[in-house]
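Trainee: For reference, this is entry20.txt, and it has compact mmCIF, C-alpha atoms and all ligand atoms.
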# COMPACT_ATOMS: atom_id res chain seq x y z
CA MET W 1 95.23 98.41 149.16
CA ARG W 2 98.19 97.25 151.17
CA LEU W 3 97.75 100.12 153.63
CA ILE W 4 94.08 99.21 154.06
CA ALA W 5 95.06 95.62 154.72
CA ILE W 6 97.55 96.72 157.36
CA ILE W 7 95.04 99.00 159.04
CA THR W 8 92.41 96.25 159.01
CA SER W 9 94.94 93.89 160.55
CA LEU W 10 95.82 96.39 163.25
CA LEU W 11 92.19 96.97 164.08
CA ALA W 12 91.78 93.26 164.59
CA THR W 13 94.43 93.17 167.27
CA SER W 14 93.96 93.87 170.92
CA ALA W 15 96.14 96.98 170.70
CA PHE W 16 93.13 98.77 169.23
CA ALA W 17 90.47 97.05 171.28
CA GLN W 18 87.93 99.15 173.08
CA THR W 19 88.15 99.06 176.86
CA PRO W 20 85.65 100.27 179.48
CA PRO W 21 86.29 103.75 180.91
CA GLY W 22 88.63 103.75 183.88
CA ASP W 23 86.04 105.04 186.31
CA LEU W 24 83.38 102.50 185.36
CA ALA W 25 81.75 101.18 188.51
CA LEU W 26 78.97 98.88 189.59
CA THR W 27 76.87 101.01 191.91
CA GLN W 28 74.31 99.56 194.26
CA PHE W 29 70.79 100.10 192.96
CA LEU W 30 68.97 97.78 195.38
CA ALA W 31 70.70 96.37 198.44
CA ALA W 32 70.97 92.62 198.97
CA GLY W 33 67.77 91.23 200.39
CA THR W 34 65.61 94.10 199.13
CA VAL W 35 64.06 91.80 196.56
CA GLY W 36 63.97 88.02 196.31
CA THR W 37 66.31 86.31 193.80
CA PRO W 38 66.16 88.92 191.03
CA ILE W 39 66.86 87.06 187.80
CA GLY W 40 66.67 90.22 185.72
CA VAL W 41 65.25 93.70 185.30
CA ARG W 42 63.17 94.94 182.39
CA ASN W 43 61.46 98.14 181.28
CA ALA W 44 58.13 98.83 179.60
CA ALA W 45 59.48 101.32 177.00
CA ASP W 46 56.42 103.44 177.70
CA GLY W 47 58.12 106.65 178.79
CA SER W 48 57.39 105.95 182.45
CA HIS W 49 61.03 105.01 183.15
CA ARG W 50 59.80 102.33 185.51
CA ILE W 51 62.07 99.36 186.17
CA PHE W 52 60.58 95.92 186.74
CA ILE W 53 62.47 93.37 188.81
CA ILE W 54 61.75 89.71 188.00
CA GLN W 55 61.84 87.56 191.13
CA ARG W 56 62.30 83.85 190.52
CA ASP W 57 59.60 83.14 193.12
CA GLY W 58 56.92 84.44 190.74
CA VAL W 59 56.72 88.09 191.78
CA VAL W 60 57.47 91.14 189.63
CA ARG W 61 58.40 94.27 191.57
CA VAL W 62 58.07 97.84 190.30
CA HIS W 63 60.69 100.56 190.82
CA GLN W 64 59.45 104.04 189.98
CA ASN W 65 60.72 107.56 190.68
CA GLY W 66 63.54 106.27 192.85
CA ALA W 67 61.45 103.98 195.00
CA LEU W 68 60.61 100.30 195.09
CA LEU W 69 56.83 100.04 195.29
CA ALA W 70 55.37 97.85 198.01
CA THR W 71 52.72 96.34 195.76
CA PRO W 72 54.07 94.05 193.02
CA LEU W 73 53.08 94.28 189.38
CA VAL W 74 51.95 90.68 189.55
CA SER W 75 52.50 87.53 191.58
CA ILE W 76 52.02 84.11 190.01
CA THR W 77 52.30 80.61 191.37
CA THR W 78 55.31 78.82 189.91
CA ASN W 79 57.67 75.97 190.73
CA THR W 80 61.01 77.22 192.06
CA ALA W 81 62.70 73.87 192.69
CA GLY W 82 66.15 73.56 191.12
CA GLU W 83 66.54 76.00 188.23
CA ARG W 84 62.82 76.53 187.81
CA GLY W 85 60.61 79.54 188.51
CA LEU W 86 59.56 82.82 186.96
CA LEU W 87 62.29 83.29 184.35
CA GLY W 88 61.18 85.98 181.91
CA LEU W 89 59.13 89.17 181.46
CA ALA W 90 58.39 91.12 178.28
CA PHE W 91 56.08 94.05 177.65
CA HIS W 92 54.18 94.26 174.39
CA PRO W 93 56.16 96.51 172.01
CA ASN W 94 53.21 98.94 171.81
CA TYR W 95 52.67 98.94 175.57
CA ASP W 96 51.67 102.37 176.87
CA GLY W 97 49.61 101.40 179.91
CA VAL W 98 46.49 102.91 178.35
CA ASN W 99 45.62 101.64 174.89
CA GLU W 100 47.99 98.65 174.99
CA ARG W 101 48.31 97.05 178.41
CA ARG W 102 49.63 93.53 177.67
CA PHE W 103 52.75 91.97 179.14
CA TYR W 104 54.06 88.39 179.23
CA LEU W 105 55.73 86.10 181.73
CA SER W 106 57.61 82.84 181.17
CA TYR W 107 57.61 80.45 184.09
CA THR W 108 57.73 76.84 185.19
CA ILE W 109 54.21 75.48 185.53
CA PRO W 110 53.57 74.29 189.12
CA VAL W 111 53.91 70.59 189.94
CA SER W 112 55.61 69.88 186.63
CA PHE W 113 58.75 70.27 184.57
CA ALA W 114 56.75 72.08 181.84
CA HIS W 115 57.21 75.72 180.87
CA GLY W 116 54.61 78.26 179.92
CA VAL W 117 54.11 81.80 178.72
CA VAL W 118 51.17 83.68 180.16
CA GLU W 119 49.69 87.04 179.22
CA PHE W 120 48.37 89.71 181.59
CA GLN W 121 47.23 93.29 181.19
CA THR W 122 47.99 96.08 183.59
CA THR W 123 44.95 97.58 185.27
CA ALA W 124 43.13 100.35 183.43
CA GLY W 125 44.05 103.51 185.33
CA ASN W 126 46.84 101.83 187.34
CA PRO W 127 49.73 100.56 185.16
CA ASN W 128 51.69 99.47 188.25
CA VAL W 129 49.40 96.55 189.05
CA ALA W 130 48.20 93.72 186.80
CA ASP W 131 44.52 93.05 186.36
CA VAL W 132 44.64 89.36 187.23
CA SER W 133 41.28 88.76 185.55
CA THR W 134 43.04 89.32 182.20
CA ARG W 135 45.31 86.28 182.62
CA ARG W 136 45.52 84.18 179.46
CA GLU W 137 47.64 81.11 178.73
CA VAL W 138 49.62 81.69 175.53
CA ILE W 139 51.74 78.56 175.03
CA SER W 140 53.23 75.73 177.04
CA VAL W 141 55.78 73.03 176.30
CA PRO W 142 56.64 69.81 178.15
CA ASP W 143 60.04 69.12 179.67
CA ILE W 144 61.68 66.04 181.16
CA ALA W 145 63.81 67.39 184.03
CA SER W 146 64.17 70.38 186.33
CA ASN W 147 67.31 71.85 184.77
CA HIS W 148 68.26 73.55 181.47
CA ASN W 149 65.13 75.67 181.21
CA GLY W 150 66.23 78.75 179.29
CA GLY W 151 63.24 80.91 180.08
CA ASP W 152 64.18 84.32 178.72
CA LEU W 153 61.48 86.26 176.92
CA HIS W 154 61.84 89.31 174.65
CA PHE W 155 60.00 90.93 171.80
CA GLY W 156 62.28 91.31 168.81
CA PRO W 157 62.51 94.42 166.67
CA ASP W 158 60.16 92.55 164.30
CA GLY W 159 57.37 92.71 166.91
CA PHE W 160 57.31 88.96 167.59
CA LEU W 161 57.82 87.23 170.92
CA TYR W 162 61.01 85.16 171.36
CA TRP W 163 61.24 82.57 174.13
CA SER W 164 64.29 80.46 174.97
CA ILE W 165 64.04 76.87 176.20
CA GLY W 166 66.90 74.58 177.22
CA ASP W 167 67.46 70.99 176.10
CA GLY W 168 65.54 69.79 179.15
CA GLY W 169 68.46 68.03 180.79
CA PRO W 170 69.97 65.65 181.71
CA GLN W 171 73.64 65.89 180.72
CA ASN W 172 74.76 65.23 177.11
CA ASP W 173 71.25 65.83 175.66
CA PRO W 174 70.99 62.02 175.39
CA HIS W 175 67.68 62.17 173.51
CA GLY W 176 68.98 64.66 170.95
CA PHE W 177 66.22 67.22 171.42
CA ALA W 178 68.35 70.28 170.61
CA GLN W 179 69.02 69.15 167.02
CA CYS W 180 65.53 67.75 166.38
CA LEU W 181 62.91 69.93 164.70
CA TRP W 182 59.99 67.49 164.91
CA LYS W 183 58.44 64.68 166.98
CA LYS W 184 60.73 62.74 169.23
CA ASN W 185 60.38 60.57 172.27
CA ALA W 186 62.72 60.57 175.28
CA ASP W 187 64.33 57.39 173.97
CA ASN W 188 68.10 57.92 174.28
CA ASN W 189 68.30 57.76 170.48
CA PRO W 190 69.37 61.12 169.01
CA SER W 191 69.01 59.67 165.50
CA ALA W 192 65.29 59.06 165.99
CA CYS W 193 64.12 62.61 165.25
CA GLY W 194 60.82 62.49 163.38
CA THR W 195 59.73 59.28 165.04
CA GLY W 196 57.78 58.81 168.23
CA THR W 197 54.73 60.73 169.35
CA ALA W 198 55.90 63.68 171.45
CA PHE W 199 56.86 67.26 170.62
CA TYR W 200 59.34 68.69 173.08
CA LEU W 201 60.57 71.93 171.45
CA LEU W 202 63.61 71.71 173.75
CA GLY W 203 66.98 73.35 173.05
CA LYS W 204 65.35 76.12 171.03
CA ILE W 205 64.43 79.76 170.79
CA LEU W 206 60.80 79.99 169.71
CA ARG W 207 59.28 82.92 167.79
CA ILE W 208 55.54 83.41 168.10
CA ASP W 209 52.81 85.99 167.70
CA PRO W 210 50.86 86.01 170.98
CA THR W 211 47.59 86.37 169.11
CA PRO W 212 45.23 83.40 169.47
CA THR W 213 44.64 80.97 166.61
CA ALA W 214 41.13 79.59 166.02
CA SER W 215 42.28 76.27 164.56
CA ALA W 216 45.91 75.15 164.98
CA THR W 217 47.73 73.60 162.05
CA SER W 218 49.46 70.23 162.34
CA GLU W 219 52.82 72.06 162.20
CA MET W 220 52.11 73.93 165.45
CA CYS W 221 53.90 71.60 167.80
CA ALA W 222 52.74 73.17 171.07
CA ALA W 223 49.08 73.08 170.03
CA VAL W 224 46.44 70.47 169.23
CA THR W 225 45.68 70.28 165.51
CA GLY W 226 42.30 71.80 164.72
CA GLN W 227 41.85 73.20 168.21
CA PRO W 228 42.23 76.82 169.38
CA ALA W 229 45.72 77.89 170.45
CA GLY W 230 46.83 80.87 172.52
CA TYR W 231 49.34 82.01 169.90
CA SER W 232 49.89 82.07 166.17
CA ILE W 233 52.86 81.59 163.86
CA PRO W 234 54.59 84.50 162.08
CA ALA W 235 54.33 83.80 158.35
CA ASP W 236 58.06 84.19 157.82
CA ASN W 237 59.17 81.76 160.54
CA PRO W 238 62.00 79.63 159.14
CA HIS W 239 60.22 76.27 159.29
CA VAL W 240 56.89 77.42 157.87
CA GLY W 241 56.21 75.75 154.54
CA THR W 242 58.45 72.80 155.34
CA THR W 243 56.49 69.80 156.54
CA THR W 244 57.49 67.80 159.64
CA THR W 245 59.27 70.78 161.16
CA CYS W 246 57.79 72.70 164.09
CA ASP W 247 56.71 76.13 162.95
CA GLU W 248 57.34 77.77 166.35
CA ILE W 249 61.12 77.32 166.04
CA ALA W 250 63.28 80.37 165.30
CA HIS W 251 66.68 78.89 166.25
CA HIS W 252 67.84 75.53 167.58
CA GLY W 253 70.92 73.66 168.79
CA MET W 254 71.10 75.10 172.30
CA ARG W 255 71.78 73.47 175.64
CA ASN W 256 70.53 76.12 178.04
CA PRO W 257 70.01 79.56 176.48
CA TYR W 258 69.31 80.93 179.93
CA ARG W 259 69.64 84.57 178.86
CA PHE W 260 69.45 86.23 175.46
CA THR W 261 69.13 89.88 174.47
CA PHE W 262 68.45 92.07 171.47
CA ASP W 263 70.83 94.89 170.59
CA ARG W 264 68.61 97.97 170.75
CA ALA W 265 70.79 99.74 168.19
CA ASN W 266 70.51 97.23 165.35
CA GLY W 267 68.40 94.20 166.33
CA ASP W 268 71.23 91.67 166.57
CA MET W 269 70.51 88.85 169.01
CA TYR W 270 73.04 87.75 171.64
CA VAL W 271 72.58 84.28 173.14
CA GLY W 272 74.41 83.12 176.25
CA ASP W 273 74.19 79.32 176.04
CA VAL W 274 75.25 77.48 179.18
CA GLY W 275 77.74 74.68 178.46
CA GLN W 276 78.19 71.31 180.09
CA GLY W 277 81.52 70.45 181.72
CA THR W 278 84.02 72.54 179.78
CA TRP W 279 82.94 75.48 177.55
CA GLU W 280 80.58 78.46 177.95
CA GLU W 281 79.49 80.36 174.87
CA THR W 282 77.96 83.59 173.63
CA THR W 283 76.80 83.83 170.03
CA ARG W 284 75.74 86.82 167.95
CA ILE W 285 72.87 86.12 165.57
CA PRO W 286 72.69 88.96 163.02
CA ALA W 287 69.45 90.94 162.90
CA GLY W 288 66.87 89.26 160.70
CA ALA W 289 68.60 85.88 160.59
CA LEU W 290 66.30 82.96 161.34
CA GLY W 291 66.70 79.20 161.36
CA VAL W 292 70.15 79.35 162.90
CA ASN W 293 71.70 76.26 164.48
CA LEU W 294 73.92 77.06 167.47
CA GLY W 295 75.48 73.62 167.45
CA TRP W 296 74.69 71.78 170.69
CA ARG W 297 75.24 68.80 171.18
CA CYS W 298 77.55 68.60 168.21
CA PHE W 299 79.53 71.50 169.69
CA GLU W 300 80.04 72.69 173.23
CA GLY W 301 81.20 76.27 172.82
CA HIS W 302 83.42 76.24 169.71
CA VAL W 303 84.68 72.68 170.34
CA VAL W 304 83.32 69.45 168.86
CA PHE W 305 81.41 67.60 171.56
CA ASN W 306 79.72 64.75 169.69
CA SER W 307 80.03 63.50 166.12
CA THR W 308 77.40 60.79 165.95
CA GLY W 309 73.76 60.73 164.86
CA PRO W 310 72.64 64.21 163.74
CA CYS W 311 76.17 65.45 164.46
CA ALA W 312 77.80 63.07 161.97
CA SER W 313 77.28 65.51 159.09
CA ALA W 314 77.85 69.25 158.73
CA LEU W 315 75.30 71.42 160.50
CA THR W 316 73.02 73.58 158.40
CA GLY W 317 73.07 77.25 159.26
CA TYR W 318 75.59 76.79 162.06
CA ILE W 319 76.87 80.00 163.64
CA ALA W 320 79.90 79.72 165.89
CA PRO W 321 80.17 81.71 169.11
CA PHE W 322 82.33 84.81 169.35
CA GLN W 323 82.96 84.13 173.03
CA SER W 324 83.80 80.66 174.32
CA TYR W 325 85.59 80.24 177.62
CA GLN W 326 86.60 77.24 179.64
CA HIS W 327 85.68 76.02 183.12
CA VAL W 328 88.91 77.20 184.75
CA SER W 329 89.47 79.44 187.77
CA GLY W 330 86.09 78.46 189.19
CA ARG W 331 84.03 79.39 186.12
CA CYS W 332 80.96 77.26 185.48
CA SER W 333 78.02 78.90 183.71
CA ILE W 334 77.53 81.87 181.36
CA THR W 335 75.04 84.57 182.27
CA GLY W 336 74.37 86.35 178.99
CA GLY W 337 74.22 90.13 178.91
CA TYR W 338 73.72 93.13 176.65
CA ARG W 339 75.63 95.02 174.05
CA TYR W 340 75.79 98.36 175.82
CA ARG W 341 74.01 101.28 174.14
CA GLY W 342 73.39 103.53 177.15
CA PRO W 343 74.55 106.94 178.34
CA ILE W 344 78.17 105.97 179.19
CA ILE W 345 79.62 106.95 175.83
CA ALA W 346 82.94 105.16 176.23
CA LEU W 347 81.14 101.92 176.97
CA ARG W 348 78.86 102.01 173.93
CA GLY W 349 79.21 99.03 171.64
CA MET W 350 80.82 96.78 174.25
CA HIS W 351 79.16 93.46 175.07
CA MET W 352 79.09 92.28 178.66
CA SER W 353 78.51 88.86 180.16
CA SER W 354 79.25 87.17 183.46
CA ASP W 355 79.97 83.79 184.91
CA PHE W 356 77.48 82.66 187.54
CA CYS W 357 80.03 80.90 189.77
CA THR W 358 82.76 83.54 189.83
CA GLY W 359 80.67 86.67 189.45
CA GLU W 360 83.30 87.98 187.02
CA ILE W 361 82.08 90.63 184.58
CA TYR W 362 83.51 90.22 181.07
CA PHE W 363 83.57 92.87 178.35
CA SER W 364 84.10 92.17 174.66
CA SER W 365 84.42 94.66 171.83
CA ARG W 366 83.71 94.26 168.15
CA ASN W 367 85.51 96.33 165.54
CA SER W 368 84.13 97.61 162.26
CA ALA W 369 85.49 94.50 160.50
CA GLY W 370 83.36 92.32 162.79
CA VAL W 371 86.33 90.98 164.76
CA TRP W 372 85.78 90.46 168.46
CA ASP W 373 88.25 91.12 171.22
CA PRO W 374 89.24 89.12 173.15
CA ALA W 375 89.47 86.19 170.76
CA ILE W 376 88.32 82.71 171.80
CA PRO W 377 89.12 81.21 174.33
CA ASN W 378 89.96 84.34 176.32
CA VAL W 379 87.89 86.60 178.52
CA ASN W 380 88.67 90.16 179.58
CA ILE W 381 87.77 90.29 183.25
CA TRP W 382 86.66 93.81 184.10
CA GLN W 383 85.77 93.03 187.70
CA ASP W 384 85.41 89.95 189.85
CA THR W 385 82.26 90.74 191.81
CA PRO W 386 81.69 88.99 195.14
CA GLY W 387 78.42 87.28 194.27
CA ASN W 388 76.75 85.06 191.71
CA VAL W 389 75.48 87.04 188.73
CA ILE W 390 72.13 85.69 187.57
CA GLY W 391 70.94 88.35 185.18
CA PHE W 392 71.20 91.68 183.43
CA GLY W 393 68.71 94.28 182.35
CA GLU W 394 68.31 97.58 180.53
CA ASP W 395 66.20 100.58 181.47
CA GLU W 396 64.58 102.86 178.93
CA SER W 397 67.72 105.03 178.72
CA GLY W 398 69.95 102.05 178.06
CA ASN W 399 71.50 101.92 181.51
CA VAL W 400 72.47 98.33 182.28
CA TYR W 401 71.83 96.57 185.56
CA VAL W 402 73.38 93.44 187.03
CA THR W 403 71.39 91.15 189.31
CA ASN W 404 72.87 88.96 191.97
CA ASN W 405 71.67 85.69 193.45
CA GLY W 406 72.03 87.29 196.90
CA GLY W 407 69.25 89.70 196.03
CA SER W 408 71.13 92.86 195.07
CA VAL W 409 70.71 94.89 191.89
CA LEU W 410 73.69 96.90 190.65
CA GLN W 411 74.03 99.53 187.92
CA PHE W 412 76.96 100.43 185.67
CA THR W 413 77.94 104.04 186.31
CA SER W 414 80.68 106.34 185.06
CA ASP W 415 81.33 110.06 184.79
CA SER W 416 83.54 109.63 181.75
CA ASP W 417 82.70 110.99 178.32
CA ASN W 418 85.17 109.53 175.87
CA GLY W 419 83.20 109.94 172.66
CA GLY W 420 86.36 109.94 170.56
CA LEU W 421 86.44 106.16 170.67
CA GLN W 422 83.46 106.02 168.38
CA ALA W 423 85.57 107.35 165.50
CA SER W 424 88.33 104.79 165.96
CA GLY W 425 86.90 101.90 164.05
CA PHE W 426 84.61 100.56 166.73
CA GLU W 427 81.25 99.49 165.51
CA SER W 428 78.75 102.15 166.43
CA GLU W 429 75.72 101.13 164.38
CA CA M 501 57.00 73.28 159.39
Rewrite the structure from the file as structure tokens, please.

Mentor:
Amino acid sequence: MRLIAIITSLLATSAFAQTPPGDLALTQFLAAGTVGTPIGVRNAADGSHRIFIIQRDGVVRVHQNGALLATPLVSITTNTAGERGLLGLAFHPNYDGVNERRFYLSYTIPVSFAHGVVEFQTTAGNPNVADVSTRREVISVPDIASNHNGGDLHFGPDGFLYWSIGDGGPQNDPHGFAQCLWKKNADNNPSACGTGTAFYLLGKILRIDPTPTASATSEMCAAVTGQPAGYSIPADNPHVGTTTTCDEIAHHGMRNPYRFTFDRANGDMYVGDVGQGTWEETTRIPAGALGVNLGWRCFEGHVVFNSTGPCASALTGYIAPFQSYQHVSGRCSITGGYRYRGPIIALRGMHMSSDFCTGEIYFSSRNSAGVWDPAIPNVNIWQDTPGNVIGFGEDESGNVYVTNNGGSVLQFTSDSDNGGLQASGFESE
């Protein structure tokens, strides 16, 4: 037993931490200026191996067989002022371009602060171009300011659509939206959750089924009771069956969950939640967990930020981040990334993230005991890239891409094959 304890202790130290292979590189995939403000890349998981580049200006570009196609997948009108714009793209999990042709976009609705998710189908016989006549509004939520919009969109391994939304701004979440699960006005009173007349659904990750509802229930906070809605509620959502709690909510307590991802190997969710003036955080939500509170505005990163109102008592379901780093050395804003599961064997199992201001790429590893390296508040800087990293993406093979505010798309590459690391206590599930 003592030997096991010693081994476990050793595995928890950095001496045994996984590191990226020495020849790991970020190779140019698309040169700067080739596409406009690429906030991420996605794939359709349909065997086509196409890569879709999300431009913040409302356009989705298609990269196929080594070439960027001239005609976009789709182009929508959005509002790109401040942090707004086209922020997310997700293909239906059964998408094959033939029998299932649906995909979804999250975007800022023009001439507003509000956010929406819209459905399209690719054209029958041409999966590289949307049939714009199929456009359907799925869900929309109001917002009060131009910043803290979240906007990422992914189907989970459970087949439901997850959509992240920030606290709406301004600083300090003065209205307390992130901790409120029901009606609340913009009244500068975080203790007034459950009063007022408005549903904001801000500071959340929502979980919906993008199948229309004939008659919305009173617990569907982005719909009108008794009227048709463009979505429905998964029966096992965490706030279903509890009255005066919005049934769309999967997780809450976030400031600006700008990017989140699912681990393709096991379904864990990774949320990069942008902090305010001091701490940036990344949190792992175990596969299947719902109803998690990520802590804002009671916590910024792993540090207490406010202890009044809803933050005066212990948070229910609170999960602390595994990564929390400070605004030093020019760092300012987390860009959440993936846990790598692609063809570079020595990189498998490592989680990457970046800071928008510095362009630094960070790698973290998690051992079989669930201990992360580096420990809070440290970051392991793999490379300080010259630009501002605004997104990540995976292709069908698990290759990971990095997108830059200057318009370039980069890809992690390596010739190394260090499979032996997988037997050294590093989590490989
Ligand atoms: Ca409810």

Trainee: Check which residues fall inside 8 Å of ligand CA 501 (chain M) when counting all atoms listed in the file, and print them as a ChimeraX atom specification.

Mentor: /W:219-220,239-247

Trainee: Check the smallest atom-to-atom distance from each of W:Gly349, W:Gly40, W:Gly159, W:Pro110 to W:Gly85 using all atoms listed in the file, then report the winner.

Mentor: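 Among the listed residues, W:Pro110 lies closest to W:Gly85.
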
Trainee: Taking 3 positions as the minimum chain separation for residues in the same chain, which residues sit within 6 Å of W:Thr195 when counting all atoms listed in the file? Answer as a list in words.

Mentor: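 Near W:Thr195, the qualifying residues are Lys183, Lys184 and Ala192 of chain W.
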
Trainee: Selected residues, C-alpha atoms, written as an mmCIF file, in the frame of the given file, please.

Mentor:
data_model
loop_
_atom_site.group_PDB
_atom_site.id
_atom_site.type_symbol
_atom_site.label_atom_id
_atom_site.label_comp_id
_atom_site.auth_asym_id
_atom_site.auth_seq_id
_atom_site.Cartn_x
_atom_site.Cartn_y
_atom_site.Cartn_z
ATOM 1 C CA LYS W 183 58.440 64.680 166.980
ATOM 2 C CA LYS W 184 60.730 62.740 169.230
ATOM 3 C CA ALA W 192 65.290 59.060 165.990
#

Trainee: Please, what distance in Å, to one decimal, runs between atom CA of W:Asp395 and atom CA of W:Asn43?

Mentor: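 So the answer is 5.3 Å.
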
Trainee: When you count all atoms listed in the file, which of these residues is closest to W:Thr282: W:Thr335, W:Gln323, W:Gln18, W:Asn188?

Mentor: W:Gln323
